[in-house]
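**Q** Take this structure, written in structure tokens, and hold onto it; I'll ask about it next.
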Amino acid sequence: MMNVLNKNVTRRNFLKTASLLATIAAIPVSVISKEAFAAKMAKASMQYQDHPKGNLKCSQCMQFVPGKSAKAAGSCNLIEGSISPDGWCLAYAPKA
Ligand code: SF4
């Protein structure tokens with residue numbers, strides 16, 4: 001068994017592999033792909049509606065990013081496009 005390992009894994013190959021792994025590990029996670037984490041979902045896929053669901057609305061959701069005024073459309077950290085402060089979707093999560 002050791003003879004097989006010694007033949008296939010030379011010291012040089014081991015050091016090359018270790019060096020490559022150390023280089024990959026040193027890459028900050030933020031550099032890997034911001035786009036992969038920034039992709040938003042389509043409104044339809046989360047059943048977005050531009051009116052409240054009962055008493056629940058986007059302006060009370062932790063994912064809502066307000067517009068220029070309380071009544072102005074804003075945006076959402078999860079859903080693409082313009083978001084009404086009076087809207088709602090399946091991802092609604094109340095602010096703490
Ligand atoms: S997650 Fe849904 S409910 Fe919350 S702000 Fe975004 S669109 Fe509105």
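Just remember, in the structure tokens the first chain shown is A, the second B, etc., residues are 1-based per chain, and ligands are 1-based in the order shown.
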Using only C-alpha atoms, which protein or nucleic acid residues come within 12 Å of Gly81 in chain A? Drop anything in the same chain fewer than 4 positions from it, and give the result as a ChimeraX atom specification.
**A** /A:39-44,48,50,64-65,73-77
**Q** Please identify the residues whose atoms come within 12 Å of ligand 1, using only C-alpha atoms and all ligand atoms, and report them as a ChimeraX atom specification.
**A** /A:40-53,55-67,73-95
**Q** Could those selected residues go to a file with N, CA and C atoms, as a short mmCIF file (atom, residue, chain, number, x, y, z; two decimals), in the first residue's frame?
**A**
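This is the output file result_4.cif:
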```
data_model
loop_
_atom_site.label_atom_id
_atom_site.label_comp_id
_atom_site.auth_asym_id
_atom_site.auth_seq_id
_atom_site.Cartn_x
_atom_site.Cartn_y
_atom_site.Cartn_z
N LYS A 40 -31.91 38.17 -7.51
CA LYS A 40 -33.22 38.31 -6.87
C LYS A 40 -34.24 37.42 -7.56
N MET A 41 -35.31 37.16 -6.87
CA MET A 41 -36.37 36.31 -7.41
C MET A 41 -37.39 37.14 -8.18
N ALA A 42 -38.04 36.51 -9.12
CA ALA A 42 -39.10 37.16 -9.88
C ALA A 42 -40.33 37.36 -8.99
N LYS A 43 -41.03 38.44 -9.22
CA LYS A 43 -42.23 38.73 -8.43
C LYS A 43 -43.23 37.57 -8.48
N ALA A 44 -43.46 37.05 -9.67
CA ALA A 44 -44.46 35.98 -9.84
C ALA A 44 -44.09 34.73 -9.04
N SER A 45 -42.79 34.44 -8.96
CA SER A 45 -42.39 33.21 -8.27
C SER A 45 -42.67 33.28 -6.77
N MET A 46 -42.79 34.49 -6.25
CA MET A 46 -43.09 34.64 -4.82
C MET A 46 -44.49 35.20 -4.59
N GLN A 47 -45.31 35.16 -5.65
CA GLN A 47 -46.70 35.61 -5.58
C GLN A 47 -46.82 37.05 -5.07
N TYR A 48 -45.86 37.89 -5.52
CA TYR A 48 -45.92 39.31 -5.12
C TYR A 48 -47.22 39.93 -5.58
N GLN A 49 -47.78 40.76 -4.75
CA GLN A 49 -48.96 41.55 -5.10
C GLN A 49 -48.72 42.98 -4.63
N ASP A 50 -49.31 43.95 -5.33
CA ASP A 50 -49.03 45.35 -4.98
C ASP A 50 -50.02 45.91 -3.96
N HIS A 51 -50.67 45.03 -3.25
CA HIS A 51 -51.56 45.44 -2.16
C HIS A 51 -51.32 44.53 -0.95
N PRO A 52 -51.71 44.98 0.23
CA PRO A 52 -51.42 44.20 1.45
C PRO A 52 -52.10 42.83 1.47
N LYS A 53 -51.57 41.96 2.27
CA LYS A 53 -52.20 40.65 2.56
C LYS A 53 -52.73 40.78 3.98
N ASN A 55 -53.22 42.54 7.10
CA ASN A 55 -52.49 43.65 7.71
C ASN A 55 -51.00 43.63 7.36
N LEU A 56 -50.58 42.67 6.56
CA LEU A 56 -49.15 42.51 6.27
C LEU A 56 -48.79 43.27 4.99
N LYS A 57 -47.74 44.07 5.05
CA LYS A 57 -47.30 44.79 3.85
C LYS A 57 -45.80 45.02 3.88
N CYS A 58 -45.27 45.28 2.69
CA CYS A 58 -43.82 45.37 2.50
C CYS A 58 -43.16 46.39 3.45
N SER A 59 -43.82 47.49 3.71
CA SER A 59 -43.20 48.52 4.55
C SER A 59 -42.92 48.01 5.96
N GLN A 60 -43.53 46.90 6.34
CA GLN A 60 -43.29 46.30 7.65
C GLN A 60 -42.33 45.10 7.58
N CYS A 61 -41.84 44.84 6.39
CA CYS A 61 -40.99 43.65 6.17
C CYS A 61 -39.51 44.01 6.29
N MET A 62 -38.75 43.12 6.85
CA MET A 62 -37.32 43.38 7.05
C MET A 62 -36.54 43.44 5.73
N GLN A 63 -37.13 42.95 4.65
CA GLN A 63 -36.43 42.95 3.35
C GLN A 63 -36.70 44.21 2.53
N PHE A 64 -37.61 45.04 2.98
CA PHE A 64 -38.00 46.23 2.22
C PHE A 64 -36.98 47.34 2.36
N VAL A 65 -36.66 47.96 1.21
CA VAL A 65 -35.77 49.13 1.18
C VAL A 65 -36.64 50.30 0.76
N PRO A 66 -36.92 51.24 1.65
CA PRO A 66 -37.87 52.32 1.35
C PRO A 66 -37.43 53.20 0.18
N GLY A 67 -38.43 53.80 -0.48
CA GLY A 67 -38.16 54.78 -1.53
C GLY A 67 -37.91 56.13 -0.92
N ALA A 73 -42.53 54.03 -4.09
CA ALA A 73 -42.07 52.66 -4.29
C ALA A 73 -40.61 52.55 -3.86
N GLY A 74 -40.29 51.41 -3.34
CA GLY A 74 -38.91 51.14 -2.93
C GLY A 74 -38.41 49.91 -3.64
N SER A 75 -37.54 49.19 -2.97
CA SER A 75 -37.04 47.94 -3.54
C SER A 75 -37.00 46.90 -2.43
N CYS A 76 -36.61 45.71 -2.82
CA CYS A 76 -36.60 44.59 -1.89
C CYS A 76 -35.26 43.86 -2.03
N ASN A 77 -34.77 43.38 -0.94
CA ASN A 77 -33.50 42.63 -0.98
C ASN A 77 -33.65 41.27 -1.65
N LEU A 78 -34.88 40.77 -1.77
CA LEU A 78 -35.09 39.43 -2.32
C LEU A 78 -35.80 39.41 -3.66
N ILE A 79 -36.69 40.37 -3.88
CA ILE A 79 -37.55 40.36 -5.06
C ILE A 79 -37.11 41.45 -6.04
N GLU A 80 -37.08 41.14 -7.31
CA GLU A 80 -36.61 42.10 -8.30
C GLU A 80 -37.67 43.16 -8.61
N GLY A 81 -37.19 44.31 -9.04
CA GLY A 81 -38.07 45.36 -9.51
C GLY A 81 -38.53 46.32 -8.43
N SER A 82 -39.41 47.24 -8.86
CA SER A 82 -39.98 48.24 -7.97
C SER A 82 -40.98 47.58 -7.03
N ILE A 83 -40.94 47.96 -5.76
CA ILE A 83 -41.79 47.31 -4.76
C ILE A 83 -42.63 48.36 -4.05
N SER A 84 -43.92 48.14 -4.03
CA SER A 84 -44.83 49.06 -3.34
C SER A 84 -44.69 48.87 -1.82
N PRO A 85 -44.70 49.97 -1.07
CA PRO A 85 -44.67 49.82 0.39
C PRO A 85 -45.92 49.11 0.91
N ASP A 86 -46.98 49.10 0.08
CA ASP A 86 -48.22 48.41 0.46
C ASP A 86 -48.30 47.00 -0.12
N GLY A 87 -47.24 46.54 -0.78
CA GLY A 87 -47.25 45.22 -1.39
C GLY A 87 -47.03 44.11 -0.37
N TRP A 88 -46.94 42.91 -0.91
CA TRP A 88 -46.73 41.72 -0.06
C TRP A 88 -46.26 40.58 -0.94
N CYS A 89 -45.52 39.64 -0.37
CA CYS A 89 -45.19 38.39 -1.08
C CYS A 89 -44.97 37.28 -0.08
N LEU A 90 -44.76 36.07 -0.59
CA LEU A 90 -44.59 34.88 0.27
C LEU A 90 -43.39 34.97 1.19
N ALA A 91 -42.40 35.81 0.84
CA ALA A 91 -41.19 35.89 1.65
C ALA A 91 -41.31 36.91 2.79
N TYR A 92 -42.52 37.43 2.97
CA TYR A 92 -42.72 38.44 4.02
C TYR A 92 -42.13 37.96 5.35
N ALA A 93 -41.35 38.86 5.94
CA ALA A 93 -40.76 38.59 7.25
C ALA A 93 -40.84 39.88 8.07
N PRO A 94 -41.64 39.90 9.12
CA PRO A 94 -41.82 41.16 9.86
C PRO A 94 -40.51 41.66 10.48
N LYS A 95 -40.39 42.99 10.51
CA LYS A 95 -39.22 43.59 11.18
C LYS A 95 -39.28 43.23 12.66
#
```
